[in-house]
Amino acid sequence: MAKKSDFTDQEWEALQKGVVGAGLLVSLSDRGFFDTFKEAGALAKHVATGKQSENELIRDLADVRGTGFGLTSSPDKVEQETLGALQTAKAALEAKAPDDLQPYRDLVTQVAESVAKAAPGGDAAESGAIEKVRSAVQ
């Protein structure tokens with residue numbers, strides 16, 4: 001199993017940004033003022049559950065310090081940067097820790113799905129965002 005020290009700073013940033021960005025991408029796909037709070041809570045809660053993972057990499061990733069996005073990041077910027085981060089993370093895992101790729105895929109997909117379930121409505125837009133996340137790490 002890989003750990004943070006196995007990756008460059010840029011790769012580690014991409015791994016973390018991919019996790020947080022997966023949740024943000026879903027949240028921004030169907031924005032509603034109160035839904036945003038529920039979805040942000042679901043994102044934080046789901047990422048925090050990674051601290052209990054059997055996988056060391058997932059535990060390290062659960063210790064997120066910041067989102068990698070600014071408060072005024074546009075939905076387009078979040079999408080582009082998230083998908084780019086996920087692709088970079090996938091490449092880094094394929095090269096350095098192939099056994100950790102599936103747990104990472106599972107984490108980002110589960111984060112996206114957790115955020116989608118946090119508030120009602122927006123099913124089509126949120127499903128589309130989840131599919132983008134899935135495609136980026138396949």
# chains A, B, ... in the order shown; residues from 1 in each chain; ligands from 1
call {"tool": "residues_around", "arguments": {"residues": "stretch 4-6 of chain A", "least_positions_apart": "5", "cutoff": "8 Å", "atoms": "only C-alpha atoms", "output": "ChimeraX atom specification"}}
result
/A:12,57,60,96
call {"tool": "residues_around", "arguments": {"residues": "A:Leu83", "least_positions_apart": "4", "cutoff": "9 Å", "atoms": "only C-alpha atoms", "output": "PDB file with N, CA and C atoms, in the first residue's frame"}}
result
ATOM      1  N   GLY A  18      -8.902  15.543  -6.260  1.00  0.00           N
ATOM      2  CA  GLY A  18      -9.854  14.656  -6.916  1.00  0.00           C
ATOM      3  C   GLY A  18     -10.956  14.198  -5.973  1.00  0.00           C
ATOM      4  N   GLY A  21     -12.956  17.430  -5.016  1.00  0.00           N
ATOM      5  CA  GLY A  21     -13.587  17.923  -6.237  1.00  0.00           C
ATOM      6  C   GLY A  21     -14.734  17.054  -6.707  1.00  0.00           C
ATOM      7  N   ALA A  22     -14.641  15.741  -6.492  1.00  0.00           N
ATOM      8  CA  ALA A  22     -15.739  14.845  -6.885  1.00  0.00           C
ATOM      9  C   ALA A  22     -17.028  15.250  -6.180  1.00  0.00           C
ATOM     10  N   VAL A  78     -14.301  24.276 -11.432  1.00  0.00           N
ATOM     11  CA  VAL A  78     -14.330  23.102 -10.552  1.00  0.00           C
ATOM     12  C   VAL A  78     -14.352  21.831 -11.395  1.00  0.00           C
ATOM     13  N   GLU A  79     -15.172  21.820 -12.430  1.00  0.00           N
ATOM     14  CA  GLU A  79     -15.251  20.629 -13.278  1.00  0.00           C
ATOM     15  C   GLU A  79     -13.919  20.347 -13.966  1.00  0.00           C
ATOM     16  N   GLN A  87      -7.644  12.539 -13.373  1.00  0.00           N
ATOM     17  CA  GLN A  87      -6.835  11.881 -14.393  1.00  0.00           C
ATOM     18  C   GLN A  87      -5.363  11.807 -13.966  1.00  0.00           C
ATOM     19  N   THR A  88      -4.869  12.883 -13.345  1.00  0.00           N
ATOM     20  CA  THR A  88      -3.493  12.885 -12.831  1.00  0.00           C
ATOM     21  C   THR A  88      -3.346  11.862 -11.710  1.00  0.00           C
ATOM     22  N   LYS A 132     -19.214  11.644 -14.862  1.00  0.00           N
ATOM     23  CA  LYS A 132     -17.956  12.296 -15.238  1.00  0.00           C
ATOM     24  C   LYS A 132     -16.836  11.872 -14.295  1.00  0.00           C
ATOM     25  N   VAL A 133     -17.154  11.804 -13.002  1.00  0.00           N
ATOM     26  CA  VAL A 133     -16.165  11.378 -12.012  1.00  0.00           C
ATOM     27  C   VAL A 133     -15.731   9.929 -12.306  1.00  0.00           C
ATOM     28  N   ALA A 136     -13.502   9.623 -15.370  1.00  0.00           N
ATOM     29  CA  ALA A 136     -12.152  10.175 -15.207  1.00  0.00           C
ATOM     30  C   ALA A 136     -11.196   9.196 -14.528  1.00  0.00           C
ATOM     31  N   VAL A 137     -11.716   8.294 -13.717  1.00  0.00           N
ATOM     32  CA  VAL A 137     -10.837   7.362 -13.001  1.00  0.00           C
ATOM     33  C   VAL A 137     -10.892   5.930 -13.544  1.00  0.00           C
TER      34      VAL A 137
END
call {"tool": "atom_distance", "arguments": {"atom1": "atom CA of A:Val26", "atom2": "atom CA of A:Glu94"}}
result
25.1 Å
call {"tool": "atom_distance", "arguments": {"atom1": "atom CA of A:Phe7", "atom2": "atom CA of A:Gly23"}}
result
22.7 Å
call {"tool": "residues_around", "arguments": {"residues": "stretch 36-51 of chain A", "least_positions_apart": "6", "cutoff": "10 Å", "atoms": "only C-alpha atoms", "output": "PyMOL selection string"}}
result
chain A and resi 19-24+26-28+30+57-64+107-108+110-119
call {"tool": "write_last_selection", "arguments": {"atoms": "C-alpha atoms", "output": "compact mmCIF listing (two decimals), in the first residue's frame"}}
result
# COMPACT_ATOMS: atom_id res chain seq x y z
CA VAL A 19 -11.58 13.44 -3.76
CA VAL A 20 -12.90 16.83 -2.68
CA GLY A 21 -13.59 17.92 -6.24
CA ALA A 22 -15.74 14.84 -6.89
CA GLY A 23 -18.11 15.99 -4.16
CA LEU A 24 -18.00 19.65 -5.20
CA VAL A 26 -21.87 16.95 -7.84
CA SER A 27 -22.90 19.71 -5.46
CA LEU A 28 -22.44 22.43 -8.08
CA ASP A 30 -27.61 21.35 -9.04
CA LEU A 57 -3.55 5.71 1.26
CA ILE A 58 -7.27 6.30 1.84
CA ARG A 59 -6.56 7.10 5.52
CA ASP A 60 -3.90 9.61 4.47
CA LEU A 61 -6.24 11.18 1.91
CA ALA A 62 -8.95 11.57 4.55
CA ASP A 63 -6.68 14.06 6.31
CA VAL A 64 -7.56 16.83 3.82
CA LEU A 107 -13.58 6.59 -2.58
CA VAL A 108 -14.16 9.31 -5.18
CA GLN A 110 -18.69 7.08 -3.06
CA VAL A 111 -18.00 10.72 -2.13
CA ALA A 112 -19.83 11.87 -5.27
CA GLU A 113 -22.77 9.54 -4.59
CA SER A 114 -22.93 10.57 -0.93
CA VAL A 115 -23.17 14.24 -1.88
CA ALA A 116 -25.89 13.46 -4.45
CA LYS A 117 -27.98 11.68 -1.81
CA ALA A 118 -27.61 14.50 0.74
CA ALA A 119 -30.39 16.66 -0.71
call {"tool": "atom_distance", "arguments": {"atom1": "atom CA of A:Ser127", "atom2": "atom CA of A:Thr72"}}
result
23.8 Å
call {"tool": "residues_around", "arguments": {"residues": "A:Glu81", "least_positions_apart": "5", "cutoff": "10 Å", "atoms": "only C-alpha atoms", "output": "PyMOL selection string"}}
result
chain A and resi 14+17-18+21+25+68-69+75-76+86-87
call {"tool": "write_last_selection", "arguments": {"atoms": "all heavy atoms", "output": "PDB file, in the first residue's frame"}}
result
ATOM      1  N   ALA A  14      -3.166  16.409  -6.453  1.00  0.00           N
ATOM      2  CA  ALA A  14      -4.161  15.891  -7.395  1.00  0.00           C
ATOM      3  C   ALA A  14      -5.016  14.803  -6.747  1.00  0.00           C
ATOM      4  O   ALA A  14      -6.241  14.773  -6.932  1.00  0.00           O
ATOM      5  CB  ALA A  14      -3.484  15.349  -8.651  1.00  0.00           C
ATOM      6  N   LYS A  17      -7.318  16.693  -4.337  1.00  0.00           N
ATOM      7  CA  LYS A  17      -8.250  17.552  -5.070  1.00  0.00           C
ATOM      8  C   LYS A  17      -9.299  16.720  -5.798  1.00  0.00           C
ATOM      9  O   LYS A  17     -10.450  17.117  -5.911  1.00  0.00           O
ATOM     10  CB  LYS A  17      -7.474  18.425  -6.056  1.00  0.00           C
ATOM     11  CG  LYS A  17      -8.273  19.566  -6.623  1.00  0.00           C
ATOM     12  CD  LYS A  17      -7.363  20.502  -7.414  1.00  0.00           C
ATOM     13  CE  LYS A  17      -8.021  21.829  -7.615  1.00  0.00           C
ATOM     14  NZ  LYS A  17      -7.130  22.804  -8.259  1.00  0.00           N
ATOM     15  N   GLY A  18      -8.902  15.543  -6.260  1.00  0.00           N
ATOM     16  CA  GLY A  18      -9.854  14.656  -6.916  1.00  0.00           C
ATOM     17  C   GLY A  18     -10.956  14.198  -5.973  1.00  0.00           C
ATOM     18  O   GLY A  18     -12.124  14.145  -6.348  1.00  0.00           O
ATOM     19  N   GLY A  21     -12.956  17.430  -5.016  1.00  0.00           N
ATOM     20  CA  GLY A  21     -13.587  17.923  -6.237  1.00  0.00           C
ATOM     21  C   GLY A  21     -14.734  17.054  -6.707  1.00  0.00           C
ATOM     22  O   GLY A  21     -15.716  17.559  -7.251  1.00  0.00           O
ATOM     23  N   LEU A  25     -18.133  18.835  -7.472  1.00  0.00           N
ATOM     24  CA  LEU A  25     -18.683  18.766  -8.828  1.00  0.00           C
ATOM     25  C   LEU A  25     -20.151  18.367  -8.792  1.00  0.00           C
ATOM     26  O   LEU A  25     -20.994  18.964  -9.468  1.00  0.00           O
ATOM     27  CB  LEU A  25     -17.870  17.782  -9.665  1.00  0.00           C
ATOM     28  CG  LEU A  25     -18.258  17.620 -11.125  1.00  0.00           C
ATOM     29  CD1 LEU A  25     -18.134  18.945 -11.869  1.00  0.00           C
ATOM     30  CD2 LEU A  25     -17.377  16.571 -11.783  1.00  0.00           C
ATOM     31  N   GLY A  68      -8.515  22.887  -2.270  1.00  0.00           N
ATOM     32  CA  GLY A  68      -7.834  23.065  -3.545  1.00  0.00           C
ATOM     33  C   GLY A  68      -8.606  23.990  -4.470  1.00  0.00           C
ATOM     34  O   GLY A  68      -8.176  24.276  -5.575  1.00  0.00           O
ATOM     35  N   PHE A  69      -9.755  24.474  -4.015  1.00  0.00           N
ATOM     36  CA  PHE A  69     -10.583  25.389  -4.790  1.00  0.00           C
ATOM     37  C   PHE A  69     -10.821  26.651  -3.976  1.00  0.00           C
ATOM     38  O   PHE A  69     -10.925  26.603  -2.756  1.00  0.00           O
ATOM     39  CB  PHE A  69     -11.943  24.756  -5.130  1.00  0.00           C
ATOM     40  CG  PHE A  69     -11.823  23.548  -6.006  1.00  0.00           C
ATOM     41  CD1 PHE A  69     -11.870  22.276  -5.468  1.00  0.00           C
ATOM     42  CD2 PHE A  69     -11.647  23.682  -7.369  1.00  0.00           C
ATOM     43  CE1 PHE A  69     -11.748  21.156  -6.266  1.00  0.00           C
ATOM     44  CE2 PHE A  69     -11.517  22.572  -8.182  1.00  0.00           C
ATOM     45  CZ  PHE A  69     -11.572  21.307  -7.632  1.00  0.00           C
ATOM     46  N   PRO A  75     -18.333  26.905 -11.470  1.00  0.00           N
ATOM     47  CA  PRO A  75     -18.615  25.488 -11.721  1.00  0.00           C
ATOM     48  C   PRO A  75     -17.756  24.917 -12.852  1.00  0.00           C
ATOM     49  O   PRO A  75     -17.305  23.772 -12.772  1.00  0.00           O
ATOM     50  CB  PRO A  75     -20.100  25.478 -12.082  1.00  0.00           C
ATOM     51  CG  PRO A  75     -20.660  26.663 -11.362  1.00  0.00           C
ATOM     52  CD  PRO A  75     -19.564  27.704 -11.435  1.00  0.00           C
ATOM     53  N   ASP A  76     -17.509  25.699 -13.892  1.00  0.00           N
ATOM     54  CA  ASP A  76     -16.670  25.218 -14.997  1.00  0.00           C
ATOM     55  C   ASP A  76     -15.247  24.954 -14.532  1.00  0.00           C
ATOM     56  O   ASP A  76     -14.636  23.953 -14.905  1.00  0.00           O
ATOM     57  CB  ASP A  76     -16.657  26.219 -16.153  1.00  0.00           C
ATOM     58  CG  ASP A  76     -17.970  26.259 -16.910  1.00  0.00           C
ATOM     59  OD1 ASP A  76     -18.743  25.273 -16.828  1.00  0.00           O
ATOM     60  OD2 ASP A  76     -18.224  27.263 -17.592  1.00  0.00           O
ATOM     61  N   LEU A  86      -8.360  14.156 -11.201  1.00  0.00           N
ATOM     62  CA  LEU A  86      -8.672  12.719 -11.184  1.00  0.00           C
ATOM     63  C   LEU A  86      -7.836  11.955 -12.207  1.00  0.00           C
ATOM     64  O   LEU A  86      -7.364  10.854 -11.933  1.00  0.00           O
ATOM     65  CB  LEU A  86     -10.167  12.492 -11.416  1.00  0.00           C
ATOM     66  CG  LEU A  86     -11.083  12.907 -10.264  1.00  0.00           C
ATOM     67  CD1 LEU A  86     -12.544  12.891 -10.702  1.00  0.00           C
ATOM     68  CD2 LEU A  86     -10.865  12.005  -9.063  1.00  0.00           C
ATOM     69  N   GLN A  87      -7.644  12.539 -13.373  1.00  0.00           N
ATOM     70  CA  GLN A  87      -6.835  11.881 -14.393  1.00  0.00           C
ATOM     71  C   GLN A  87      -5.363  11.807 -13.966  1.00  0.00           C
ATOM     72  O   GLN A  87      -4.703  10.788 -14.158  1.00  0.00           O
ATOM     73  CB  GLN A  87      -6.998  12.601 -15.732  1.00  0.00           C
ATOM     74  CG  GLN A  87      -8.384  12.403 -16.307  1.00  0.00           C
ATOM     75  CD  GLN A  87      -8.727  13.361 -17.440  1.00  0.00           C
ATOM     76  OE1 GLN A  87      -8.011  14.320 -17.705  1.00  0.00           O
ATOM     77  NE2 GLN A  87      -9.840  13.099 -18.098  1.00  0.00           N
TER      78      GLN A  87
END
call {"tool": "select_by_dssp", "arguments": {"residues": "chain A", "states": "alpha helix (DSSP H)", "output": "PyMOL selection string"}}
result
chain A and resi 9-29+33-49+56-61+75-96+101-117+123-137
call {"tool": "residues_around", "arguments": {"residues": "A:Glu11", "least_positions_apart": "2", "cutoff": "9 Å", "atoms": "only C-alpha atoms", "output": "list in words"}}
result
Phe7, Thr8, Asp9, Glu13, Ala14, Leu15, Gln16, Ala85, Thr88, Ala89 and Ala92 of chain A
